[in-house]
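Student: Before I ask anything, here is the structure I am working with.
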There are 2 protein chains.
Amino acid sequence: MQLRHNLFTRSGWEIEEREFVADDLVNNGSSYMVGNGYLGYRGTFAEWTSSQYVGCTVSDTYDTADGTWKELCNVPNGLYLQPLVGGERLSLFDGSIEHYRRSLNFRYGVHSRELRWLAAGGARAEVSDSRFASYADLHLIAARCVISSRQPVTIRLGIDSEVWSLHGEHFSSFNPVVQGDHLLVEAVTSEHADRVAVAHSHRVISDAQPVRVEQRQEVRSVYRELGFAPGKGDIAIECFMVVYTSNDLEDPVAAAVAGLRDAAAAGYEALYADHCGIWDRAWQKSAIEIDGDPRAETLVRYNTYHNLIATPAHTDHLPIGARGLSCQAYQGAAFWDQEIFNLPMFIFTDPSVARRILTYRYRTLDGARKKARDLGYRGAFYAWVSGDTGEEICPSYFFVDVLSGRRIRNHFNDWQIHVSPDIAYTVWRYYTVTGDWEFMLQYGAEMVFEIARFLVSHAYFKRDKNRFEFIRLLGPDEYHENVDNNVFTNFMARHAVGIALQTWQTLQERAPDRLDELVGAIGMDRDEVREWRAMHELIYIAPVDPQTRLIEQFDGFFDLEDILPEALQERLINPGEYWGWPNGIAVETQVSKQADVVQLFMLHPDVYELETMKANYDYYAPRTQHGSSLSFSVYAIVAAWLGYRQQAYDFFVRSATVDLFSTSKAVSGGTFIGGIHTAACGAAWQIVVMGFAEMRLADAELRFSPRLPAQWHSLRFFLQLRGAMLSVEVSHSAVTVSSAASSAETVAIAVFDARSTVEPGGSCTIRFADPVQR
Amino acid sequence: MQLRHNLFTRSGWEIEEREFVADDLVNNGSSYMVGNGYLGYRGTFAEWTSSQYVGCTVSDTYDTADGTWKELCNVPNGLYLQPLVGGERLSLFDGSIEHYRRSLNFRYGVHSRELRWLAAGGARAEVSDSRFASYADLHLIAARCVISSRQPVTIRLGIDSEVWSLHGEHFSSFNPVVQGDHLLVEAVTSEHADRVAVAHSHRVISDAQPVRVEQRQEVRSVYRELGFAPGKGDIAIECFMVVYTSNDLEDPVAAAVAGLRDAAAAGYEALYADHCGIWDRAWQKSAIEIDGDPRAETLVRYNTYHNLIATPAHTDHLPIGARGLSCQAYQGAAFWDQEIFNLPMFIFTDPSVARRILTYRYRTLDGARKKARDLGYRGAFYAWVSGDTGEEICPSYFFVDVLSGRRIRNHFNDWQIHVSPDIAYTVWRYYTVTGDWEFMLQYGAEMVFEIARFLVSHAYFKRDKNRFEFIRLLGPDEYHENVDNNVFTNFMARHAVGIALQTWQTLQERAPDRLDELVGAIGMDRDEVREWRAMHELIYIAPVDPQTRLIEQFDGFFDLEDILPEALQERLINPGEYWGWPNGIAVETQVSKQADVVQLFMLHPDVYELETMKANYDYYAPRTQHGSSLSFSVYAIVAAWLGYRQQAYDFFVRSATVDLFSTSKAVSGGTFIGGIHTAACGAAWQIVVMGFAEMRLADAELRFSPRLPAQWHSLRFFLQLRGAMLSVEVSHSAVTVSSAASSAETVAIAVFDARSTVEPGGSCTIRFADPVQR
């Protein structure tokens, strides 16, 4: 099935391109990447170098090289492999391509290529290669390459340390060595002198064996050259790249060498089998099946794949980067995206992963406390851009006024406070879905208390109006900085303080000793809880207008110029202009970058009446420019609830193809923002499950109000809920929930207004009438 | 004495130029203007037209023509007079100028010219003309012109309605008519259909009489042409222009015709005599004599002249414009300049004028209440730019980003709140100096109550810090918008609330019925006073740093980049760039547009220790760019107090020559800002009396701590204090205060630490040792 020009799928579990298009380098490097949450390896080819944006981005390697951008390192490329065919360098940019197929299989995370190439000088070769980033050994990438030619072939392969880096040289030294069978580069980072070891080995598994082997040791890199005589048949080589850093363990070199030895001993096939077993288990939890719409099914799988490989599920001290490990953009750091877009899928399908990622927020509490302190607040003001320590690493300046060349101060790092309540929201959601009280005791309570303390210290009280207000905000709509009482922020803040109060009360009842301990540990005065109560009661939330049902995005929003994004765009002098604050074209208008009031509905679906959501959706949708990849999914979900099936489907497709169709620009205001939009990837699952199936957990009941796209026959997905393992099948006329025999609890189910329960090992079907099918 | 190139004075009571320089047109038009507080007539020549920025700006003619700028009208020019000599138009731009003198006598407000002109074709003429804007009849300008030539002369004179207008055509219709002896144009304004009548008549008083008289009536204008035969001797003509508007009285045409008839009957000389008598009385109050520095004396007189003619002393419903009546710039409107820079001279020398101008603020209370209401506050939020109604007429957009051509939203009209407490300060100062309790009862109390209500409704309370704060301000330093707790604003707000509390208490004691009435009239709840007390007690005022003694201008100011204005200027891409918010070069630096913390000292000289003032002056002075004409005088005054005599003198000269030497630019960010800087004019008196003589009223005692510039022998000025009429003479060794026999009170005097009293008709001399003279 063709998905778009030069993009196909055969089984719905892969994407494939059939022409090589040099212009797609940057985007395809991300789209076709492999990874495993520890490292990401871009969808580039073995013979490529930094000029083609080759990058192996490794987690937990934060380094600041240019004084501004702390980001992850791209480590030396241990899978470099350049064939020379009849003396000519095989290159997609020279000669001619007689046959080309490149695919990414996301069932098992395998990148493959088939190539028949004719050199300018007449030599011809066929290449077929593949690689995967192992889930069985997160430090390993295994590759395989088969070359067939009638010409003599020389293969240069090894470790290329001239890597692509967005913001400066992150390594102060390189030590390339040859140790017996394997090549090794030890590089040391500039800022913290972290040691990164990259090891490479290969084995020629074909009958054709090299007649000549040479070592090439350069200042940074190290290679072997293998000379093959012609006429000996296909050349088949397996390569292994192993990466360790001193943030993983004390001696990364020794670990890399040992890992390499094990890998080479096992060989590609055996390693791949181990790896596939892990993927099988992952897909059991996260796969969504859609009967009747293979295209949609492919899109959801593609996005789920990227959400999975972006997530450092192996540890509790690392974040999900906004661009995952697809490149260095967004600093390998967590934004609110992590809690609101990436984690819901895990909370509902694989809560132990969600727990680990949320524990990262606990481990970075000190960074959040420091940020609060530095800015004159109390408690925990989570970083807008959160790396390993949780200290704020969002630079104050990165946008450039392209018209003058002057830098622009952004206020993401000091005015966009909603990340703290967003985290509290997700802690509570995790607790509600899993019932993991242990997590709340150990981590969650401290986080939500510190978040409440921050919010109370940030708020201002208007005595004449007897209400708390939040002043000088940046809400989700990032074109409007310096606004007051952004309703999303205020609402989330009230919700977060409410969570703190509930947690406080529950601790008082269930674990008063732990409460005492906690209060002592964080230096809390019990009187502070009175302020939480006051704030919870008295914080201002913009009201629903009784006539129009509209909710004003922030104070004075409706007084701004009312113009639509298409008309506004005409005012651009330069297409690269930043639209937002302080002086971009959108600032004085009602054009929003992304969902804001509608984002509030998405997170609090049961608060406002449907008619209110509808009125606001209708108002804000045309005024939203979707300048953020977070926007489409929010509109898709709420559109689904409103019964706007076509809009919901269209927004779903726009959200799910941001990366696949490369619909968003790679550079904005002078800053590289390419790479995989992991939030949109995480959101695909939510659009289907929480949007089209309208699954919600409320009053300990699992509710569905499905409004599937007309062409979908049915939908199947998996849920975990408080120890119950549930298979859910949704059609236009029925919802069936089956509970595994191993489930720990009976689950109450509602479909629209009909109710039932499912016991462990049992199943229940609730029928309903979908108006679209009648 | 030469003041600078092409600028002389003979007696110290006039300025004179001796060359005609076409480049100085705009500035000289203001500098040499005549006026009387009702109208201003620019220092242009009779034969000039709108191309030379001829303008007669008339008070109380506010009109919006371009939809943005409400401004005063320039009315048709009733003093147009164009000689043709031997058939050639006399013009300073053609032919050659054999002799040229142009002067402004500020003793009596007379503009004069002597000219000997040789036409390109060989005709020669001598012209001498003069004019004054009458103080005896504010609607009248009288002019006289003597022309001497051997050639036949034709004079075209009358009313030229093609007037200069900054922002659009303010008249929707013109009705030019000839009524017997006089010419008349009735013009109707666009916005409110105000009728403006300009009448002109002339009489030829020479033996030489016209041999031919013709009328010329055009669509807008109306003229006569007088033909003179050669050889009849000098031609002498008197011209009279009378202006009335329908805002003055019901029938402006009839009034103008009647005024014209009276004027023509009296003739120039008699009218002039009446006029001079009024100027004599004005100068008795406001003149400053400086022995030993005729240049300084001239500067002070020049500035005082402009402060006087800018002031609509004849009425209590009009403001002093920031550019007076010198042109339409700054919309003929009051800014805080009025209270802080223009009025102190009147409060101390002619309090009835100060009373009238302050009553204007009372009459515009409804406008201030409307502004508060519109922006969500209570009480009176005075307009940043205040015209006839007191409603805000400051456009939201006028600066232009010269690099992109995009408009910039300024926040003068919503964030620069300090104008309200500035007015309260001046109301209280007026009351303190004059003892005019009647004013407080009738007007002042209501104003200060409404200002306090506004401030309380604007402030936010930080419950965790137990203090009120002001958020999102624009202080006097206009390069830094959107700041918190600007210390000037917060301090002035506390002071204003303190004034309201004192006024409340005094009313309770002295006039409880009036208090009841007032509370009812403004719908006040007596509980509000509790909030005033709370705010007065708990408002945050940035502390003096115990180590450095520095006071931070606003929260976070000291964290901004520390760079000096000279270095910062290098960053300009275009010299026309606006330096301020949101993205000008000064925004992220400590470079201030004008005095801010130092401005606080100037208004509250007895609050901070001298060492603190010194430390802050030393810190802020080099970081101040003096981008406002208000800046120099503030630094001059505080420098004088600190004993920085040379700096004080230098700042005095810079302040007093802003207009005379044309040191500030006429256009900024695309907006015309030329014209007379009346604030600097009003400040000249303050620098001498309150700066160098360090006169203060404190604890009902008139205190002097003189630190005169070394070259000044002595200084004399007049003061009125609670009914006492005082002549003050200050030298380097003594202060002598003499009280008129008609004085109503005995006055307590202190000079440094020595004390005495002066009774009506008495005099006292207190000697002191000035360190500079020892």
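Just remember, in the structure tokens the first chain shown is A, the second B, etc., residues are 1-based per chain, and ligands are 1-based in the order shown.
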Please identify all polymer residues within 6 Å of stretch 127-132 of chain B, counting only C-alpha atoms, omitting same-chain residues fewer than 3 positions from it, and present them as a PyMOL selection string.

Tutor: chain B and resi 109-115+141-147

Student: For stretch 322-328 of chain A, work out the shell of residues within 7 Å, counting only C-alpha atoms and skipping chain neighbours fewer than 4 positions away, then give it as a list of chain:residue names.

Tutor: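 Answer for this query is A:Ser30, A:Met33, A:Leu39, A:Gly40, A:Arg42, A:Gly55, A:Thr57, A:Val58, A:Glu71, A:Leu72, A:Leu166, A:Ala310, A:Gly332, A:Ala333, A:Ala334, A:Phe335, A:Asp337, A:Gly675, A:Ile676, A:His677, A:Thr678, A:Ala679.
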
Student: I need the residues from that last selection saved to file as a compact mmCIF listing (two decimals), in the first residue's frame (with all heavy atoms), if you can.

Tutor:
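Everything below was put into part-v3.txt:
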```
# COMPACT_ATOMS: atom_id res chain seq x y z
N SER A 30 15.68 10.62 10.82
CA SER A 30 14.89 10.42 12.03
C SER A 30 13.83 9.36 11.82
O SER A 30 13.67 8.45 12.63
CB SER A 30 14.23 11.74 12.43
OG SER A 30 15.18 12.77 12.56
N MET A 33 14.99 5.75 11.87
CA MET A 33 15.97 5.42 12.91
C MET A 33 15.64 4.11 13.63
O MET A 33 14.51 3.65 13.63
CB MET A 33 16.03 6.55 13.94
CG MET A 33 14.80 6.64 14.82
SD MET A 33 14.96 7.91 16.13
CE MET A 33 16.09 7.08 17.25
N LEU A 39 19.94 4.26 23.38
CA LEU A 39 20.58 4.99 22.29
C LEU A 39 19.65 5.02 21.09
O LEU A 39 18.72 4.22 20.98
CB LEU A 39 21.93 4.36 21.92
CG LEU A 39 22.00 2.88 21.58
CD1 LEU A 39 21.46 2.61 20.18
CD2 LEU A 39 23.45 2.40 21.65
N GLY A 40 19.91 6.00 20.24
CA GLY A 40 19.20 6.09 18.97
C GLY A 40 20.23 6.15 17.86
O GLY A 40 21.27 6.80 18.00
N ARG A 42 20.48 6.92 13.83
CA ARG A 42 19.68 7.53 12.79
C ARG A 42 19.59 6.65 11.53
O ARG A 42 20.47 5.81 11.28
CB ARG A 42 20.22 8.91 12.43
CG ARG A 42 19.91 9.94 13.53
CD ARG A 42 20.61 11.26 13.31
NE ARG A 42 20.25 11.85 12.03
CZ ARG A 42 19.10 12.47 11.75
NH1 ARG A 42 18.17 12.58 12.69
NH2 ARG A 42 18.88 12.97 10.56
N GLY A 55 24.25 9.98 13.10
CA GLY A 55 24.31 10.27 14.53
C GLY A 55 23.85 9.07 15.32
O GLY A 55 22.82 8.47 15.03
N THR A 57 22.89 8.94 18.99
CA THR A 57 22.66 9.79 20.15
C THR A 57 22.47 8.90 21.37
O THR A 57 21.62 8.00 21.35
CB THR A 57 21.41 10.65 19.91
OG1 THR A 57 21.55 11.33 18.65
CG2 THR A 57 21.22 11.67 21.01
N VAL A 58 23.28 9.14 22.37
CA VAL A 58 23.28 8.25 23.54
C VAL A 58 22.73 8.99 24.75
O VAL A 58 23.10 10.13 25.03
CB VAL A 58 24.70 7.72 23.81
CG1 VAL A 58 24.74 6.89 25.09
CG2 VAL A 58 25.17 6.90 22.61
N GLU A 71 23.21 19.44 25.68
CA GLU A 71 22.53 18.46 24.84
C GLU A 71 23.23 17.12 24.97
O GLU A 71 24.32 17.02 25.55
CB GLU A 71 22.50 18.93 23.38
CG GLU A 71 23.88 19.08 22.75
CD GLU A 71 23.87 19.81 21.39
OE1 GLU A 71 22.82 20.31 20.96
OE2 GLU A 71 24.95 19.86 20.77
N LEU A 72 22.59 16.08 24.43
CA LEU A 72 23.21 14.77 24.43
C LEU A 72 24.31 14.72 23.37
O LEU A 72 24.26 15.45 22.39
CB LEU A 72 22.16 13.70 24.12
CG LEU A 72 21.07 13.53 25.18
CD1 LEU A 72 20.04 12.50 24.70
CD2 LEU A 72 21.65 13.14 26.52
N LEU A 166 25.11 19.36 16.86
CA LEU A 166 24.34 20.59 16.63
C LEU A 166 25.03 21.81 17.20
O LEU A 166 25.14 22.83 16.55
CB LEU A 166 22.95 20.47 17.28
CG LEU A 166 21.83 19.83 16.47
CD1 LEU A 166 20.55 19.82 17.29
CD2 LEU A 166 21.60 20.59 15.16
N ALA A 310 11.92 5.92 22.10
CA ALA A 310 12.37 7.18 22.71
C ALA A 310 12.46 7.09 24.23
O ALA A 310 13.07 7.93 24.87
CB ALA A 310 11.40 8.31 22.33
N GLY A 332 17.75 16.49 24.20
CA GLY A 332 17.57 15.18 24.83
C GLY A 332 16.82 15.28 26.13
O GLY A 332 16.98 14.47 27.04
N ALA A 333 15.97 16.30 26.22
CA ALA A 333 15.40 16.65 27.52
C ALA A 333 13.90 16.50 27.53
O ALA A 333 13.23 16.52 26.50
CB ALA A 333 15.77 18.09 27.86
N ALA A 334 13.37 16.37 28.74
CA ALA A 334 11.93 16.26 28.94
C ALA A 334 11.30 17.63 28.98
O ALA A 334 11.84 18.57 29.57
CB ALA A 334 11.63 15.53 30.24
N PHE A 335 10.15 17.72 28.37
CA PHE A 335 9.26 18.88 28.47
C PHE A 335 7.97 18.35 29.10
O PHE A 335 7.90 17.20 29.50
CB PHE A 335 8.99 19.45 27.07
CG PHE A 335 10.20 20.07 26.42
CD1 PHE A 335 11.31 19.31 26.08
CD2 PHE A 335 10.24 21.42 26.14
CE1 PHE A 335 12.43 19.88 25.48
CE2 PHE A 335 11.35 22.00 25.54
CZ PHE A 335 12.44 21.23 25.21
N ASP A 337 5.63 17.58 27.48
CA ASP A 337 5.30 16.52 26.54
C ASP A 337 5.36 15.16 27.19
O ASP A 337 4.53 14.29 26.94
CB ASP A 337 6.30 16.52 25.37
CG ASP A 337 6.52 17.86 24.71
OD1 ASP A 337 6.36 18.89 25.39
OD2 ASP A 337 6.90 17.87 23.53
N GLY A 675 13.99 16.22 13.84
CA GLY A 675 13.96 15.01 14.66
C GLY A 675 12.54 14.54 14.89
O GLY A 675 11.59 15.16 14.46
N ILE A 676 12.44 13.39 15.56
CA ILE A 676 11.14 12.77 15.81
C ILE A 676 10.37 13.54 16.88
O ILE A 676 10.89 13.83 17.96
CB ILE A 676 11.35 11.30 16.26
CG1 ILE A 676 11.83 10.47 15.09
CG2 ILE A 676 10.07 10.72 16.87
CD1 ILE A 676 10.83 10.29 13.97
N HIS A 677 9.12 13.86 16.56
CA HIS A 677 8.25 14.57 17.51
C HIS A 677 7.62 13.53 18.43
O HIS A 677 6.50 13.05 18.16
CB HIS A 677 7.20 15.36 16.74
CG HIS A 677 7.80 16.42 15.86
ND1 HIS A 677 8.43 16.13 14.67
CD2 HIS A 677 7.91 17.76 16.02
CE1 HIS A 677 8.87 17.25 14.11
NE2 HIS A 677 8.58 18.26 14.92
N THR A 678 8.31 13.19 19.47
CA THR A 678 7.86 12.04 20.27
C THR A 678 6.51 12.28 20.93
O THR A 678 5.78 11.32 21.19
CB THR A 678 8.90 11.65 21.34
OG1 THR A 678 9.10 12.77 22.20
CG2 THR A 678 10.22 11.28 20.71
N ALA A 679 6.17 13.54 21.18
CA ALA A 679 4.86 13.80 21.79
C ALA A 679 3.75 13.38 20.84
O ALA A 679 2.79 12.72 21.24
CB ALA A 679 4.73 15.29 22.14
```

Student: So which residues touch stretch 11-13 of chain B within 7 Å, counting only C-alpha atoms, skipping near sequence neighbours fewer than 2 positions away, as an MDAnalysis selection string?

Tutor: chainID B and resid 9 105:107 294 297:298

Student: Which neighbours of stretch 379-391 of chain B fall inside 6 Å, counting only C-alpha atoms, when residues of the same chain fewer than 3 positions from it are skipped, and could you give them as number ranges by chain?

Tutor: B: 333-335, 364, 367-369, 371-372, 394, 413, 420, 450-451, 453-454

Student: Taking all heavy atoms for each residue, export the selection above as a compact mmCIF listing (two decimals), in the first residue's frame.

Tutor:
```
# COMPACT_ATOMS: atom_id res chain seq x y z
N ALA B 333 -1.28 67.57 25.30
CA ALA B 333 -1.84 66.86 26.45
C ALA B 333 -0.89 66.85 27.63
O ALA B 333 0.33 67.01 27.48
CB ALA B 333 -2.17 65.43 26.05
N ALA B 334 -1.49 66.67 28.79
CA ALA B 334 -0.70 66.60 30.02
C ALA B 334 -0.16 65.20 30.22
O ALA B 334 -0.86 64.20 29.99
CB ALA B 334 -1.56 66.98 31.21
N PHE B 335 1.05 65.13 30.70
CA PHE B 335 1.68 63.91 31.17
C PHE B 335 2.01 64.13 32.65
O PHE B 335 1.64 65.16 33.21
CB PHE B 335 2.97 63.65 30.37
CG PHE B 335 2.74 63.30 28.92
CD1 PHE B 335 2.18 64.21 28.03
CD2 PHE B 335 3.10 62.07 28.42
CE1 PHE B 335 1.95 63.90 26.70
CE2 PHE B 335 2.90 61.73 27.09
CZ PHE B 335 2.33 62.65 26.24
N THR B 364 -11.09 66.23 35.26
CA THR B 364 -10.92 65.06 34.38
C THR B 364 -10.96 63.75 35.18
O THR B 364 -10.58 62.70 34.67
CB THR B 364 -9.60 65.16 33.60
OG1 THR B 364 -8.53 65.43 34.53
CG2 THR B 364 -9.65 66.28 32.58
N GLY B 367 -12.71 60.92 33.47
CA GLY B 367 -11.89 60.24 32.46
C GLY B 367 -10.96 59.22 33.11
O GLY B 367 -10.77 58.11 32.60
N ALA B 368 -10.39 59.62 34.25
CA ALA B 368 -9.49 58.71 34.96
C ALA B 368 -10.27 57.53 35.55
O ALA B 368 -9.78 56.39 35.58
CB ALA B 368 -8.76 59.46 36.07
N ARG B 369 -11.48 57.80 36.00
CA ARG B 369 -12.31 56.70 36.51
C ARG B 369 -12.66 55.74 35.37
O ARG B 369 -12.68 54.52 35.53
CB ARG B 369 -13.60 57.24 37.13
CG ARG B 369 -13.40 57.94 38.45
CD ARG B 369 -14.76 58.26 39.08
NE ARG B 369 -14.61 59.05 40.28
CZ ARG B 369 -14.90 60.36 40.38
NH1 ARG B 369 -15.35 61.02 39.33
NH2 ARG B 369 -14.72 60.99 41.52
N LYS B 371 -10.92 55.19 32.68
CA LYS B 371 -9.74 54.39 32.32
C LYS B 371 -9.56 53.25 33.32
O LYS B 371 -9.29 52.11 32.92
CB LYS B 371 -8.49 55.28 32.30
CG LYS B 371 -7.21 54.49 32.05
CD LYS B 371 -6.00 55.36 31.85
CE LYS B 371 -4.72 54.50 31.84
NZ LYS B 371 -3.51 55.29 31.64
N ALA B 372 -9.70 53.55 34.59
CA ALA B 372 -9.57 52.50 35.60
C ALA B 372 -10.60 51.40 35.34
O ALA B 372 -10.26 50.20 35.31
CB ALA B 372 -9.76 53.08 37.00
N CYS B 394 -3.48 58.23 24.72
CA CYS B 394 -2.19 57.72 24.26
C CYS B 394 -2.45 56.55 23.32
O CYS B 394 -3.04 55.55 23.71
CB CYS B 394 -1.37 57.24 25.45
SG CYS B 394 0.22 56.54 24.99
N ASN B 413 0.20 53.58 28.07
CA ASN B 413 -1.18 53.86 28.46
C ASN B 413 -1.78 52.86 29.43
O ASN B 413 -2.85 53.10 29.97
CB ASN B 413 -2.07 54.01 27.22
CG ASN B 413 -2.05 52.80 26.32
OD1 ASN B 413 -1.55 51.74 26.71
ND2 ASN B 413 -2.59 52.92 25.11
N SER B 420 -0.79 58.58 38.49
CA SER B 420 -1.82 58.80 39.52
C SER B 420 -1.20 59.20 40.86
O SER B 420 -1.56 60.24 41.41
CB SER B 420 -2.73 57.57 39.66
OG SER B 420 -3.71 57.56 38.65
N GLU B 450 -9.73 58.73 45.29
CA GLU B 450 -9.89 57.91 44.09
C GLU B 450 -8.55 57.31 43.62
O GLU B 450 -8.51 56.21 43.08
CB GLU B 450 -10.53 58.73 42.96
CG GLU B 450 -12.02 59.04 43.22
CD GLU B 450 -12.93 57.84 43.05
OE1 GLU B 450 -12.73 56.84 43.76
OE2 GLU B 450 -13.86 57.92 42.23
N ILE B 451 -7.49 58.07 43.84
CA ILE B 451 -6.16 57.54 43.48
C ILE B 451 -5.80 56.37 44.40
O ILE B 451 -5.30 55.33 43.95
CB ILE B 451 -5.11 58.67 43.52
CG1 ILE B 451 -5.34 59.63 42.35
CG2 ILE B 451 -3.69 58.10 43.50
CD1 ILE B 451 -4.58 60.93 42.43
N ARG B 453 -7.84 54.41 45.90
CA ARG B 453 -8.67 53.26 45.52
C ARG B 453 -8.10 52.55 44.29
O ARG B 453 -8.09 51.33 44.21
CB ARG B 453 -10.10 53.73 45.20
CG ARG B 453 -10.80 54.29 46.36
CD ARG B 453 -12.14 54.86 45.92
NE ARG B 453 -13.22 53.92 46.17
CZ ARG B 453 -14.48 54.13 45.75
NH1 ARG B 453 -14.77 55.21 45.01
NH2 ARG B 453 -15.42 53.27 46.03
N PHE B 454 -7.64 53.36 43.35
CA PHE B 454 -7.03 52.76 42.17
C PHE B 454 -5.82 51.92 42.56
O PHE B 454 -5.67 50.77 42.13
CB PHE B 454 -6.63 53.84 41.16
CG PHE B 454 -5.63 53.36 40.17
CD1 PHE B 454 -5.97 52.37 39.25
CD2 PHE B 454 -4.33 53.84 40.15
CE1 PHE B 454 -5.04 51.88 38.34
CE2 PHE B 454 -3.40 53.36 39.26
CZ PHE B 454 -3.75 52.39 38.35
```

Student: Residues of stretch 14-164 of chain A classed as helix (DSSP H, G or I) by DSSP on the backbone are to be reported as a list in words.

Tutor: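 Those residues are Ala22, Asp23, Asp24, Leu25, Val26, Asn27, Asn28, Gly29, Ser30, Ser31, Ser50, Ser51 and Gln52 of chain A.
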
Student: Could the residues in this selection be saved with N, CA and C atoms as a tab-separated table (two decimals), in the first residue's frame?

Tutor:
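Generated output (selection-v3.tsv):
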```
chain	number	residue	atom	x	y	z
A	22	ALA	N	17.81	12.84	-2.07
A	22	ALA	CA	18.82	13.46	-1.21
A	22	ALA	C	18.21	14.56	-0.33
A	23	ASP	N	17.15	15.21	-0.81
A	23	ASP	CA	16.54	16.29	-0.03
A	23	ASP	C	15.89	15.80	1.27
A	24	ASP	N	15.62	14.50	1.35
A	24	ASP	CA	14.93	13.97	2.53
A	24	ASP	C	15.89	13.50	3.62
A	25	LEU	N	17.17	13.78	3.42
A	25	LEU	CA	18.20	13.29	4.35
A	25	LEU	C	17.88	13.51	5.81
A	26	VAL	N	17.59	14.77	6.15
A	26	VAL	CA	17.44	15.10	7.57
A	26	VAL	C	16.24	14.37	8.14
A	27	ASN	N	15.14	14.46	7.43
A	27	ASN	CA	13.92	13.87	7.97
A	27	ASN	C	13.96	12.34	8.00
A	28	ASN	N	14.44	11.74	6.92
A	28	ASN	CA	14.49	10.28	6.89
A	28	ASN	C	15.47	9.73	7.91
A	29	GLY	N	16.49	10.50	8.20
A	29	GLY	CA	17.43	10.08	9.23
A	29	GLY	C	16.71	9.83	10.55
A	30	SER	N	15.68	10.62	10.82
A	30	SER	CA	14.89	10.42	12.03
A	30	SER	C	13.83	9.36	11.82
A	31	SER	N	13.14	9.48	10.72
A	31	SER	CA	11.98	8.63	10.50
A	31	SER	C	12.36	7.15	10.46
A	50	SER	N	29.32	12.52	8.84
A	50	SER	CA	28.63	13.64	9.49
A	50	SER	C	27.91	14.54	8.49
A	51	SER	N	28.41	14.65	7.26
A	51	SER	CA	27.74	15.51	6.27
A	51	SER	C	26.32	15.04	5.97
A	52	GLN	N	26.09	13.75	6.18
A	52	GLN	CA	24.73	13.21	5.96
A	52	GLN	C	23.99	13.04	7.29
```

Student: Could you list the residues in chain A lying within 6 Å of chain B, using only C-alpha atoms, and format the result as a PyMOL selection string?

Tutor: chain A and resi 460-462

Student: Please produce a file of those selected residues containing N, CA and C atoms, as a compact mmCIF listing (two decimals), in the first residue's frame.

Tutor:
```txt
# COMPACT_ATOMS: atom_id res chain seq x y z
N TYR A 460 -0.47 35.33 43.11
CA TYR A 460 -0.75 36.61 43.76
C TYR A 460 -2.19 36.59 44.24
N PHE A 461 -2.42 37.27 45.31
CA PHE A 461 -3.77 37.36 45.81
C PHE A 461 -4.30 38.76 45.52
N LYS A 462 -5.47 38.83 44.90
CA LYS A 462 -6.14 40.12 44.71
C LYS A 462 -7.10 40.28 45.86
```

Student: List as a list of chain:residue names the protein and nucleic acid residues near stretch 743-756 of chain B, meaning an atom at most 9 Å away when only C-alpha atoms are counted, but skip any in the same chain fewer than 6 places from it.

Tutor: B:Ala700, B:Glu701, B:Leu702, B:Arg703, B:Phe704, B:Ser705, B:Pro706, B:Gln720, B:Leu721, B:Arg722, B:Gly723, B:Ala724, B:Met725, B:Leu726, B:Ala734, B:Val735, B:Val737, B:Cys764, B:Thr765, B:Ile766, B:Arg767, B:Phe768

Student: List the neighbours of B:Met613 out to 9 Å using only C-alpha atoms; skip same-chain residues closer than 6 positions along the sequence, and give me the result as a list in words.

Tutor: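 With the cut-off at 9 Å, the set is Arg549, Leu550, Val598, Phe601, Pro605, Val638 and Leu642 of chain B.
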
Student: Could you save the residues just selected, with C-alpha atoms, as a compact mmCIF listing (two decimals), in the first residue's frame?

Tutor:
```
# COMPACT_ATOMS: atom_id res chain seq x y z
CA ARG B 549 23.66 51.28 49.81
CA LEU B 550 22.18 50.66 46.37
CA VAL B 598 17.27 59.31 41.42
CA PHE B 601 15.22 61.18 45.70
CA PRO B 605 14.71 64.46 49.53
CA VAL B 638 20.33 65.72 43.16
CA LEU B 642 25.36 65.92 46.90
```
